[in-house]
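Novice: Data: input_7.cif, mmCIF, C-alpha atoms and all ligand atoms.
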```cif
data_model
#
loop_
_atom_site.label_atom_id
_atom_site.label_comp_id
_atom_site.auth_asym_id
_atom_site.auth_seq_id
_atom_site.Cartn_x
_atom_site.Cartn_y
_atom_site.Cartn_z
CA MET A 1 110.70 108.42 89.86
CA THR A 2 110.02 105.28 87.76
CA ALA A 3 106.62 104.71 86.14
CA THR A 4 105.92 101.99 88.75
CA GLU A 5 106.78 104.30 91.67
CA HIS A 6 104.64 107.02 90.12
CA GLY A 7 101.72 104.62 89.73
CA LEU A 8 102.16 103.44 93.32
CA SER A 9 102.10 106.88 94.87
CA ARG A 10 99.13 107.90 92.72
CA THR A 11 97.18 104.82 93.80
CA ALA A 12 98.14 105.28 97.47
CA ALA A 13 97.11 108.95 97.32
CA ALA A 14 93.77 108.06 95.70
CA PHE A 15 93.12 105.46 98.42
CA ARG A 16 93.83 108.08 101.11
CA ASP A 17 91.48 110.57 99.42
CA ILE A 18 88.68 108.04 99.13
CA TYR A 19 88.93 106.16 102.42
CA GLY A 20 90.77 108.68 104.62
CA ALA A 21 93.63 106.38 105.68
CA GLU A 22 96.77 104.72 104.35
CA PRO A 23 96.18 101.38 102.58
CA GLN A 24 97.68 98.36 104.34
CA GLY A 25 99.24 97.35 101.05
CA ILE A 26 99.26 97.65 97.27
CA TRP A 27 99.15 94.66 94.91
CA ALA A 28 99.55 94.34 91.15
CA ALA A 29 98.29 91.82 88.59
CA PRO A 30 99.03 92.00 84.85
CA GLY A 31 97.07 91.69 81.63
CA ARG A 32 98.21 89.04 79.17
CA VAL A 33 98.51 88.03 75.56
CA ASN A 34 98.28 84.41 74.55
CA LEU A 35 101.08 83.29 72.26
CA ILE A 36 99.26 80.17 71.07
CA GLY A 37 96.54 77.80 72.31
CA GLU A 38 93.24 79.61 71.80
CA HIS A 39 89.92 78.30 73.17
CA THR A 40 91.77 75.15 74.20
CA ASP A 41 91.57 75.88 77.94
CA TYR A 42 87.95 74.75 78.33
CA ASN A 43 88.78 71.64 76.32
CA ASP A 44 91.44 70.44 78.80
CA GLY A 45 94.11 71.52 76.31
CA PHE A 46 97.35 73.50 76.15
CA VAL A 47 97.85 77.27 76.34
CA MET A 48 100.87 79.55 76.33
CA PRO A 49 100.20 83.06 77.60
CA LEU A 50 102.67 85.72 78.71
CA ALA A 51 102.03 88.60 81.10
CA LEU A 52 102.10 92.18 79.84
CA PRO A 53 103.79 95.09 81.63
CA HIS A 54 100.29 96.60 81.92
CA THR A 55 98.89 96.01 85.39
CA THR A 56 95.91 96.57 87.63
CA LEU A 57 96.92 97.97 91.00
CA ALA A 58 94.77 97.27 94.05
CA ALA A 59 95.35 99.37 97.17
CA ALA A 60 93.57 97.69 100.06
CA SER A 61 92.93 97.47 103.79
CA ALA A 62 90.98 94.87 105.74
CA ARG A 63 87.79 95.84 107.62
CA THR A 64 86.34 94.16 110.67
CA ASP A 65 82.66 94.98 110.07
CA GLY A 66 81.92 92.72 107.06
CA VAL A 67 81.61 95.65 104.67
CA LEU A 68 83.25 95.56 101.24
CA ARG A 69 83.93 98.92 99.64
CA LEU A 70 85.12 99.07 96.04
CA HIS A 71 86.30 102.06 94.05
CA SER A 72 87.89 102.25 90.61
CA GLY A 73 89.93 105.12 89.23
CA GLY A 74 88.83 104.10 85.74
CA ALA A 75 85.08 103.73 86.24
CA ASP A 76 82.37 106.30 86.63
CA GLY A 77 80.42 106.37 89.84
CA GLY A 78 81.58 106.44 93.40
CA ILE A 79 82.18 103.78 95.98
CA VAL A 80 80.28 100.51 95.59
CA GLU A 81 79.40 99.31 99.08
CA LEU A 82 78.36 95.72 99.78
CA ARG A 83 77.99 93.39 102.74
CA VAL A 84 80.14 90.30 102.30
CA ASP A 85 77.53 88.02 103.85
CA ALA A 86 74.88 89.27 101.38
CA LEU A 87 76.90 88.46 98.25
CA ARG A 88 75.05 86.00 96.00
CA PRO A 89 75.61 85.01 92.39
CA ALA A 90 72.78 86.72 90.52
CA PRO A 91 70.27 84.16 89.24
CA GLY A 92 69.51 84.24 85.52
CA SER A 93 71.43 87.22 84.29
CA ALA A 94 74.61 86.54 86.19
CA SER A 95 76.44 89.67 85.11
CA GLU A 96 74.63 91.49 87.89
CA VAL A 97 75.92 91.83 91.40
CA LEU A 98 73.68 92.13 94.41
CA GLU A 99 74.53 95.55 95.64
CA GLN A 100 73.51 96.92 98.99
CA SER A 101 72.68 100.59 99.00
CA ARG A 102 71.32 102.72 101.78
CA GLY A 103 67.80 102.19 100.48
CA GLY A 104 68.05 98.39 100.59
CA ALA A 105 69.20 95.68 98.26
CA GLN A 106 69.46 96.44 94.57
CA ARG A 107 71.14 94.98 91.53
CA SER A 108 73.72 96.61 89.37
CA GLY A 109 76.11 95.27 86.76
CA GLY A 110 79.60 96.31 85.87
CA TRP A 111 83.17 96.06 87.01
CA ALA A 112 82.41 95.64 90.75
CA ALA A 113 81.01 92.15 90.09
CA TYR A 114 84.57 90.88 89.51
CA PRO A 115 86.10 91.82 92.88
CA ALA A 116 82.82 91.10 94.68
CA GLY A 117 82.88 87.68 93.02
CA ILE A 118 86.34 87.03 94.45
CA VAL A 119 85.15 87.68 97.99
CA TRP A 120 82.14 85.45 97.33
CA ALA A 121 84.29 82.64 95.87
CA MET A 122 86.74 82.75 98.76
CA ARG A 123 83.96 82.59 101.30
CA GLU A 124 82.21 79.84 99.34
CA ALA A 125 85.47 77.87 99.60
CA GLY A 126 85.31 78.28 103.39
CA LEU A 127 88.17 80.78 103.59
CA PRO A 128 88.01 83.29 106.45
CA VAL A 129 87.66 86.44 104.35
CA GLY A 130 85.74 89.44 105.67
CA GLY A 131 85.34 93.03 104.57
CA ALA A 132 87.86 95.32 102.91
CA ASP A 133 88.33 98.72 101.37
CA LEU A 134 89.76 98.53 97.85
CA HIS A 135 90.76 101.11 95.28
CA TYR A 136 91.92 100.13 91.77
CA ASP A 137 93.96 101.84 89.07
CA SER A 138 94.72 100.01 85.87
CA THR A 139 96.83 100.37 82.74
CA VAL A 140 95.38 97.19 81.20
CA PRO A 141 93.20 98.28 78.26
CA THR A 142 89.61 97.09 78.78
CA GLY A 143 87.64 95.27 76.09
CA ALA A 144 90.87 94.70 74.16
CA GLY A 145 91.12 90.95 74.73
CA LEU A 146 94.06 91.50 77.10
CA SER A 147 92.39 90.08 80.24
CA SER A 148 91.66 93.21 82.20
CA SER A 149 89.02 91.20 84.10
CA ALA A 150 91.48 88.53 85.19
CA ALA A 151 93.94 91.24 86.28
CA LEU A 152 91.22 92.82 88.42
CA GLU A 153 90.21 89.45 89.89
CA VAL A 154 93.71 88.24 90.65
CA ALA A 155 94.89 91.57 92.13
CA THR A 156 91.87 91.36 94.46
CA ALA A 157 92.48 87.70 95.31
CA LEU A 158 96.13 88.32 96.15
CA ALA A 159 95.29 91.39 98.25
CA LEU A 160 92.70 89.44 100.26
CA ASN A 161 95.07 86.49 100.53
CA ASP A 162 97.68 88.69 102.19
CA LEU A 163 95.29 90.83 104.25
CA TYR A 164 93.65 87.71 105.72
CA GLY A 165 96.87 85.67 106.04
CA LEU A 166 95.61 82.86 103.79
CA ASP A 167 98.91 81.79 102.22
CA LEU A 168 97.26 80.40 99.07
CA ALA A 169 99.42 79.34 96.11
CA PRO A 170 99.15 81.46 92.93
CA GLN A 171 97.41 78.66 91.01
CA ARG A 172 94.81 78.36 93.78
CA LEU A 173 94.15 82.10 93.55
CA ALA A 174 93.67 81.65 89.81
CA GLN A 175 91.15 78.86 90.40
CA LEU A 176 89.19 80.98 92.86
CA ALA A 177 89.21 83.81 90.31
CA GLN A 178 87.89 81.50 87.61
CA ARG A 179 85.19 80.28 89.99
CA ALA A 180 84.22 83.92 90.65
CA GLU A 181 84.01 84.67 86.94
CA ASN A 182 82.10 81.47 86.07
CA ALA A 183 79.64 81.36 88.93
CA PHE A 184 79.32 84.95 90.14
CA VAL A 185 79.89 87.09 87.05
CA GLY A 186 78.46 84.44 84.75
CA VAL A 187 81.17 84.18 82.07
CA PRO A 188 81.98 80.53 81.22
CA CYS A 189 85.70 81.21 80.69
CA GLY A 190 88.51 78.69 81.09
CA ILE A 191 91.47 78.94 83.47
CA MET A 192 94.06 80.53 81.15
CA ASP A 193 93.69 84.22 81.90
CA GLN A 194 93.59 83.93 85.67
CA THR A 195 96.58 81.56 85.64
CA ALA A 196 98.51 83.97 83.43
CA ALA A 197 97.76 86.86 85.79
CA ALA A 198 98.75 84.81 88.85
CA CYS A 199 101.64 82.63 87.64
CA CYS A 200 103.54 84.25 84.75
CA THR A 201 107.13 85.32 85.31
CA GLU A 202 109.28 87.97 83.69
CA GLY A 203 111.08 86.91 80.50
CA HIS A 204 108.95 83.79 80.05
CA ALA A 205 105.87 82.45 78.35
CA LEU A 206 103.85 80.09 80.52
CA PHE A 207 103.12 76.65 79.15
CA LEU A 208 100.03 75.37 80.95
CA ASP A 209 98.34 72.02 80.61
CA THR A 210 94.79 72.94 81.61
CA ARG A 211 93.85 69.31 82.35
CA ASP A 212 96.12 68.83 85.36
CA LEU A 213 97.34 72.43 85.68
CA THR A 214 101.00 71.50 85.31
CA ARG A 215 103.00 74.56 84.31
CA ARG A 216 106.36 75.30 82.80
CA GLN A 217 108.04 78.68 82.46
CA VAL A 218 109.48 78.79 78.93
CA PRO A 219 112.26 81.37 78.38
CA PHE A 220 110.97 83.91 75.86
CA ASP A 221 113.56 86.66 75.57
CA LEU A 222 112.81 88.06 72.14
CA ALA A 223 114.98 91.17 72.50
CA GLN A 224 118.05 88.99 72.89
CA GLU A 225 117.24 87.31 69.59
CA GLY A 226 116.61 90.53 67.69
CA LEU A 227 112.85 89.91 67.61
CA ARG A 228 109.79 91.77 68.84
CA LEU A 229 106.25 90.69 69.69
CA LEU A 230 103.83 93.49 68.88
CA VAL A 231 100.28 93.80 70.16
CA VAL A 232 97.77 95.42 67.81
CA ASP A 233 94.71 96.51 69.77
CA THR A 234 92.11 96.89 67.01
CA ARG A 235 89.87 98.96 69.32
CA VAL A 236 86.99 96.70 68.36
CA GLN A 237 85.48 96.09 71.78
CA HIS A 238 85.29 92.46 72.68
CA GLU A 239 82.73 91.05 75.11
CA LEU A 240 82.89 87.50 76.41
CA GLY A 241 79.50 87.67 78.04
CA ASP A 242 77.49 88.11 74.86
CA GLY A 243 76.77 84.45 74.15
CA ALA A 244 79.11 83.73 71.20
CA TYR A 245 81.86 82.47 73.53
CA ALA A 246 79.41 80.24 75.41
CA GLU A 247 78.12 78.96 72.06
CA ARG A 248 81.62 77.89 70.97
CA ARG A 249 82.14 76.20 74.30
CA ALA A 250 78.83 74.33 74.04
CA GLY A 251 79.73 73.27 70.48
CA CYS A 252 83.05 71.83 71.68
CA GLU A 253 81.29 69.93 74.46
CA ARG A 254 78.83 68.55 71.94
CA GLY A 255 81.75 67.42 69.78
CA ALA A 256 83.39 65.68 72.73
CA ARG A 257 80.15 63.85 73.53
CA ALA A 258 79.73 62.75 69.93
CA LEU A 259 83.28 61.42 69.90
CA GLY A 260 82.88 59.67 73.25
CA VAL A 261 85.63 61.61 75.05
CA ARG A 262 85.49 63.68 78.21
CA ALA A 263 87.16 66.65 76.51
CA LEU A 264 88.49 67.35 73.01
CA ARG A 265 92.02 67.26 74.39
CA GLU A 266 91.67 63.50 74.29
CA VAL A 267 91.36 63.40 70.50
CA PRO A 268 94.90 62.69 69.27
CA TYR A 269 96.08 64.73 66.30
CA ALA A 270 96.82 61.51 64.42
CA HIS A 271 93.14 60.48 64.77
CA LEU A 272 91.73 63.76 63.49
CA PRO A 273 90.59 62.39 60.09
CA GLU A 274 88.47 59.68 61.77
CA ALA A 275 87.05 62.18 64.26
CA LEU A 276 86.06 64.53 61.45
CA ALA A 277 84.46 61.68 59.53
CA THR A 278 82.37 60.80 62.61
CA LEU A 279 81.10 64.39 62.70
CA ALA A 280 80.34 64.61 58.98
CA ASP A 281 76.66 65.39 59.62
CA GLU A 282 77.47 68.30 61.90
CA PRO A 283 79.73 70.66 59.93
CA VAL A 284 79.74 73.42 62.56
CA VAL A 285 80.82 71.08 65.35
CA GLN A 286 83.25 69.40 62.98
CA ALA A 287 85.00 72.72 62.32
CA LEU A 288 85.19 73.53 66.06
CA VAL A 289 86.76 70.14 66.72
CA ARG A 290 89.26 70.62 63.88
CA HIS A 291 90.36 73.91 65.41
CA ILE A 292 90.83 72.51 68.91
CA VAL A 293 92.73 69.41 67.83
CA THR A 294 95.03 71.27 65.42
CA GLU A 295 95.53 74.11 67.91
CA ASN A 296 96.71 71.76 70.66
CA HIS A 297 99.11 70.29 68.13
CA ARG A 298 100.35 73.78 67.22
CA VAL A 299 101.09 74.52 70.89
CA GLU A 300 103.19 71.38 71.09
CA GLU A 301 105.05 72.36 67.94
CA VAL A 302 105.67 75.88 69.28
CA ILE A 303 107.07 74.40 72.50
CA ASP A 304 109.37 72.11 70.52
CA HIS A 305 110.69 75.04 68.49
CA LEU A 306 111.22 77.25 71.53
CA ASP A 307 112.95 74.46 73.45
CA ALA A 308 115.26 73.96 70.48
CA GLY A 309 116.00 77.69 70.22
CA ARG A 310 114.17 78.05 66.88
CA THR A 311 112.06 81.07 67.83
CA ARG A 312 111.64 82.34 64.27
CA ALA A 313 110.10 79.01 63.28
CA ILE A 314 107.01 79.66 65.42
CA GLY A 315 105.88 82.43 63.03
CA PRO A 316 104.04 80.21 60.53
CA LEU A 317 102.34 78.35 63.41
CA LEU A 318 100.94 81.62 64.73
CA THR A 319 99.61 82.45 61.28
CA ALA A 320 98.12 78.98 60.84
CA GLY A 321 96.43 79.44 64.24
CA HIS A 322 94.83 82.63 63.00
CA ALA A 323 93.48 80.94 59.87
CA SER A 324 91.98 78.22 62.04
CA LEU A 325 90.31 80.72 64.39
CA ARG A 326 89.02 82.70 61.39
CA ASP A 327 87.80 79.83 59.22
CA ASP A 328 86.93 77.00 61.63
CA PHE A 329 86.19 78.69 64.95
CA LYS A 330 84.75 81.77 63.23
CA ILE A 331 85.70 84.28 65.90
CA SER A 332 87.85 86.75 63.98
CA CYS A 333 86.62 90.02 62.50
CA ARG A 334 87.57 92.32 59.60
CA GLU A 335 89.91 94.44 61.69
CA LEU A 336 91.79 91.43 63.14
CA ASP A 337 92.14 89.89 59.67
CA LEU A 338 93.37 93.18 58.27
CA ALA A 339 95.97 93.52 61.04
CA VAL A 340 97.21 89.96 60.48
CA ASP A 341 97.25 90.12 56.66
CA THR A 342 98.89 93.53 56.55
CA ALA A 343 101.54 92.58 59.11
CA HIS A 344 102.35 89.56 57.02
CA ALA A 345 102.56 91.46 53.77
CA ALA A 346 104.87 93.98 55.48
CA GLY A 347 107.32 91.26 56.48
CA ALA A 348 106.12 89.87 59.83
CA LEU A 349 107.26 86.33 60.68
CA GLY A 350 103.79 85.42 61.94
CA ALA A 351 100.61 86.99 63.30
CA ARG A 352 97.35 85.95 64.87
CA MET A 353 94.42 87.20 66.87
CA THR A 354 94.86 86.58 70.59
CA GLY A 355 92.31 85.94 73.34
CA GLY A 356 88.60 85.31 73.13
CA GLY A 357 88.07 86.90 69.70
CA PHE A 358 85.19 88.90 68.13
CA GLY A 359 87.49 91.95 68.25
CA GLY A 360 90.26 92.76 70.68
CA SER A 361 93.91 92.34 69.80
CA ALA A 362 96.29 90.58 67.45
CA ILE A 363 99.92 89.69 68.11
CA VAL A 364 102.66 90.03 65.51
CA LEU A 365 106.11 88.42 65.62
CA VAL A 366 108.64 90.56 63.75
CA GLU A 367 112.35 91.06 63.31
CA ALA A 368 113.24 94.04 65.52
CA ALA A 369 114.48 95.86 62.42
CA ASP A 370 111.02 95.51 60.79
CA ALA A 371 108.91 96.51 63.80
CA THR A 372 108.41 100.13 62.78
CA ALA A 373 107.66 99.35 59.13
CA VAL A 374 105.12 96.67 60.12
CA SER A 375 103.42 98.98 62.66
CA THR A 376 103.22 101.76 60.11
CA ALA A 377 101.78 99.45 57.47
CA VAL A 378 99.05 98.26 59.87
CA THR A 379 98.20 101.80 60.96
CA GLU A 380 97.99 102.95 57.34
CA ALA A 381 95.85 100.00 56.31
CA PHE A 382 93.40 100.76 59.14
CA ALA A 383 93.19 104.41 58.06
CA ALA A 384 92.66 103.41 54.41
CA ALA A 385 89.86 101.04 55.42
CA GLY A 386 88.20 103.74 57.52
CA HIS A 387 88.79 101.91 60.83
CA ALA A 388 89.72 103.69 64.07
CA ALA A 389 93.50 103.90 64.56
CA PRO A 390 94.82 100.74 66.24
CA ARG A 391 96.95 100.96 69.39
CA ILE A 392 100.23 99.17 68.79
CA PHE A 393 102.75 98.36 71.52
CA GLU A 394 105.36 95.77 72.38
CA ALA A 395 104.55 92.73 74.52
CA VAL A 396 107.46 92.39 76.93
CA PRO A 397 107.01 89.19 78.99
CA SER A 398 106.45 90.49 82.51
CA ALA A 399 105.79 89.34 86.06
CA GLY A 400 102.58 87.79 87.35
CA ALA A 401 100.71 89.10 90.39
CA HIS A 402 102.83 90.42 93.26
CA ARG A 403 102.76 92.71 96.24
CA LEU A 404 104.29 96.12 95.62
CA ARG A 405 104.09 97.64 99.07
C1 LIG A 501 89.04 84.24 76.97
C2 LIG A 501 88.76 83.30 78.13
F1 LIG A 501 88.61 83.99 79.28
C3 LIG A 501 89.88 82.25 78.28
O1 LIG A 501 89.54 81.33 79.27
C4 LIG A 501 90.15 81.56 76.95
O2 LIG A 501 89.15 80.63 76.66
C5 LIG A 501 90.32 82.58 75.82
O3 LIG A 501 89.23 83.49 75.77
C6 LIG A 501 90.43 81.93 74.48
O4 LIG A 501 91.60 81.18 74.40
O5 LIG A 501 90.15 85.05 77.22
#
```
Please render this file's structure as C-alpha cells.

Specialist:
Amino acid sequence: MTATEHGLSRTAAAFRDIYGAEPQGIWAAPGRVNLIGEHTDYNDGFVMPLALPHTTLAAASARTDGVLRLHSGGADGGIVELRVDALRPAPGSASEVLEQSRGGAQRSGGWAAYPAGIVWAMREAGLPVGGADLHYDSTVPTGAGLSSSAALEVATALALNDLYGLDLAPQRLAQLAQRAENAFVGVPCGIMDQTAAACCTEGHALFLDTRDLTRRQVPFDLAQEGLRLLVVDTRVQHELGDGAYAERRAGCERGARALGVRALREVPYAHLPEALATLADEPVVQALVRHIVTENHRVEEVIDHLDAGRTRAIGPLLTAGHASLRDDFKISCRELDLAVDTAHAAGALGARMTGGGFGGSAIVLVEAADATAVSTAVTEAFAAAGHAAPRIFEAVPSAGAHRLR
C-alpha cells in the first residue's frame, strides 16, 4: 500500500468512526514553500510558490439540515458543531468563531474557524452551500510557515464545491479561501498561499501576478538537474495573527500612499532611488518599500533564469531575498539566519526564509551531492547554538488540491 493509499484508508476509517457512515468523498490540498516573492502578494506583486507533498485530507459528506460538523485528527477536543446560518465573522477579535453548543451560542478560537470561514465565505458569495460532516488529517506541519491554514481552507472549499455541485475554478476557490481568512478568521493575508494550495501542479513552481491573478506553471524539475531544494523547519512557531504581519502590511500601504500609487507594485525598479528619496523622513516605511520593489525585481530575474534553463543562477537571488527580509522587512529571526548562513557556508547555492517570517522555515538550494553535508551542518549548528533540532526535508514540487476518492 502506498503512503497515499494508507492515508486515505486511515482518514476514511476515522470518518466512519466519528460520523458512523462512509464519507461521500476525500479531498486533498497541499502545503507550500515560496521560492521567491515574499510579502509582495498584498502589494499587487509577483510570487512563485510550489506545492509540497505534505497534504491536508478532508473526508466529507453533505448534510441536509444546515448543521456543520468539524473534526480534526490533529487537534484536541471532539466534534465542533455549528449551524451554517449562524456563522458570523467575530467582531473585534476575529480569530474567534461563533460556535453553537448545546447550551447556546458561545465563542471559541482555533482551527475550526478556518473551515467554518469557508462555509461562511461561500454563503456570503451567494453560493448554495449547506451543512456537512468533515474530518481532517494532515501531514502539513503547523506553525512552520508552510501554509497549513491554506491547505485546510482549500481542502474544505474543494470538498464543498464538489458536494454541492458548484463547479468553481481553482482560482475562485482560492479567492473564497482568502476572503474566509481575511474576514472570518481575521488574518490580513494576501492571495499567495490559497492560490498555491489550489492551483500548483506537480513538477512546477507557480508564477502568479497577484494584481490580475494571471498564472504560469514554470517547470521546476530539480532532480533532473542534479539539484535539491531543502526545507529547514526551524521549529520556531510562526503566527500571522499576532500583529507584526498586519503592521508590515500597513507600512507598505502607507508607503504606496506617500508615493501616490495604488500599490507598491507600481513603483518601477528603475525609479527606486527617487522613491526612497521621497520617503527619506520615514526610514521604516522606506525600508519596507525597498524590500517590496527589489523583491518584485528578484522574482522577474528568477523567472528569466528559469526560462533560460539557468537554475543554478537563482541561488544568489534567493540569498539576496533573505538579506532584504532580514534587514529591510525585519521579519527574520536568529534561527532562520543561522539556517541560511550555515547552509551557505556549507556550500549551498542559495538560501532564504520562506513564508510570513518571524520563525517558520527556510529553503536551501543545493547540489544533490551536497544535500547531506548541508543538512548535517545546519543540524549541528542548531545543536551548538542550543536551539531545538530543525526538521529538514526535500521540497518536491507537487500537485495542488484534488479529489482522491
Ligand atoms: C503569509 C501570507 F499568508 C501570504 O499571503 C504572504 O503574504 C506571505 O506570508 C509572505 O509572502 O504566508

Novice: Find, counting all atoms listed in the file, the residue in A:His305, A:His387, A:His291, A:Arg69 that gets nearest to Asp327 (chain A).

Specialist: A:His291

Novice: Which residues of chain A have any atom within 6 Å of an atom in ligand LIG 501 (chain A) when counting only C-alpha atoms and all ligand atoms, and what is the closest pair of atoms for each, with the distance in Å to one decimal? Order the rows by chain and rising number and write it as a Markdown table.

Specialist:
```
| residue | atom | partner | partner_atom | distance |
| --- | --- | --- | --- | --- |
| A:Glu38 | CA | A:LIG501 | O4 | 3.5 |
| A:His39 | CA | A:LIG501 | O4 | 3.6 |
| A:Asp41 | CA | A:LIG501 | O2 | 5.5 |
| A:Cys189 | CA | A:LIG501 | O1 | 4.1 |
| A:Gly190 | CA | A:LIG501 | O1 | 3.4 |
| A:Ile191 | CA | A:LIG501 | O1 | 5.2 |
| A:Met192 | CA | A:LIG501 | O1 | 5.0 |
| A:Asp193 | CA | A:LIG501 | C3 | 5.6 |
| A:Gly355 | CA | A:LIG501 | O5 | 4.5 |
| A:Gly356 | CA | A:LIG501 | O3 | 3.3 |
```

Novice: Which polymer residues have any atom within 10 Å of an atom of Val84 (chain A), counting all atoms listed in the file, with same-chain residues fewer than 5 positions away left out, as a PDB file with C-alpha atoms, in the coordinates of the input?

Specialist:
```pdb
ATOM      1  CA  ASP A  65      82.660  94.980 110.070  1.00  0.00           C
ATOM      2  CA  GLY A  66      81.920  92.720 107.060  1.00  0.00           C
ATOM      3  CA  VAL A  67      81.610  95.650 104.670  1.00  0.00           C
ATOM      4  CA  LEU A  68      83.250  95.560 101.240  1.00  0.00           C
ATOM      5  CA  ARG A  69      83.930  98.920  99.640  1.00  0.00           C
ATOM      6  CA  GLN A 100      73.510  96.920  98.990  1.00  0.00           C
ATOM      7  CA  ALA A 116      82.820  91.100  94.680  1.00  0.00           C
ATOM      8  CA  VAL A 119      85.150  87.680  97.990  1.00  0.00           C
ATOM      9  CA  TRP A 120      82.140  85.450  97.330  1.00  0.00           C
ATOM     10  CA  ARG A 123      83.960  82.590 101.300  1.00  0.00           C
ATOM     11  CA  VAL A 129      87.660  86.440 104.350  1.00  0.00           C
ATOM     12  CA  GLY A 130      85.740  89.440 105.670  1.00  0.00           C
ATOM     13  CA  GLY A 131      85.340  93.030 104.570  1.00  0.00           C
ATOM     14  CA  ALA A 132      87.860  95.320 102.910  1.00  0.00           C
TER      15      ALA A 132
END
```

Novice: For CA of Arg249 (chain A) and CA of Thr201 (chain A), quote the distance in Å rounded to one decimal.

Specialist: 28.8 Å

Novice: In Å, with one decimal, what is the gap from CA of Gly165 (chain A) to CA of Ala198 (chain A)?

Specialist: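 Between CA of Gly165 (chain A) and CA of Ala198 (chain A) the gap is 17.3 Å.
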
Novice: Rank A:Arg10, A:Leu272, A:Pro316, A:Gly226 by their smallest atom-to-atom distance to Ala371 (chain A), using all atoms listed in the file, and report the top residue only.

Specialist: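 Closest residue, counting all atoms listed in the file: A:Gly226.
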
Novice: From the set A:Glu202, A:Glu239, A:Asp167, A:Glu81, which residue has the shortest atom-to-atom contact distance to Ala51 (chain A), counting all atoms listed in the file?

Specialist: A:Glu202

Novice: Pick out the closest residue to Asp17 (chain A) from this set: A:Pro30, A:Gly203, A:Pro49, A:Gly73. Count all atoms listed in the file.

Specialist: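 When distances to Asp17 (chain A) are compared using all atoms listed in the file, the smallest one comes from A:Gly73.
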
Novice: Might you pull out every residue within 10 Å of Ala323 (chain A), with only C-alpha atoms counted and same-chain residues fewer than 4 positions away left off, and present them as a PyMOL selection string?

Specialist: chain A and resi 291+317-319+327-330+332+337+340+351-353

Novice: With only C-alpha atoms as the basis for distance, which of A:Arg290, A:Arg248, A:Arg228, A:Arg215 is at the shortest distance from Val47 (chain A)?

Specialist: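 Using only C-alpha atoms, the shortest distance to Val47 (chain A) belongs to A:Arg215.
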
Novice: Hey, can you check how far CA of Glu253 (chain A) sits from CA of Cys199 (chain A)?

Specialist: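 According to the coordinates, CA of Glu253 (chain A) and CA of Cys199 (chain A) are separated by 27.4 Å.
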
Novice: I need the residue nearest Glu5 (chain A) from this list: A:Gly31, A:Asp370, A:Leu57, A:Gly347. Use only C-alpha atoms for the distance.

Specialist: A:Leu57

Novice: Within 12 Å of (96.4, 80.9, 81.7) (file coordinates; only C-alpha atoms), which protein or nucleic acid residues are there? I'd like them as JSON, numbers by chain.

Specialist: {"A": [30, 31, 32, 33, 34, 35, 36, 37, 38, 39, 40, 41, 42, 44, 45, 46, 47, 48, 49, 50, 51, 146, 147, 150, 151, 154, 170, 171, 174, 175, 177, 178, 189, 190, 191, 192, 193, 194, 195, 196, 197, 198, 199, 200, 205, 206, 207, 208, 209, 210, 211, 213, 214, 215, 216, 217, 355, 400]}

Novice: Residues at most 12 Å from Arg310 (chain A), counting all atoms listed in the file, excluding those fewer than 5 positions away in the same chain, as number ranges by chain?

Specialist: A: 220, 222, 225, 227, 301-305, 315
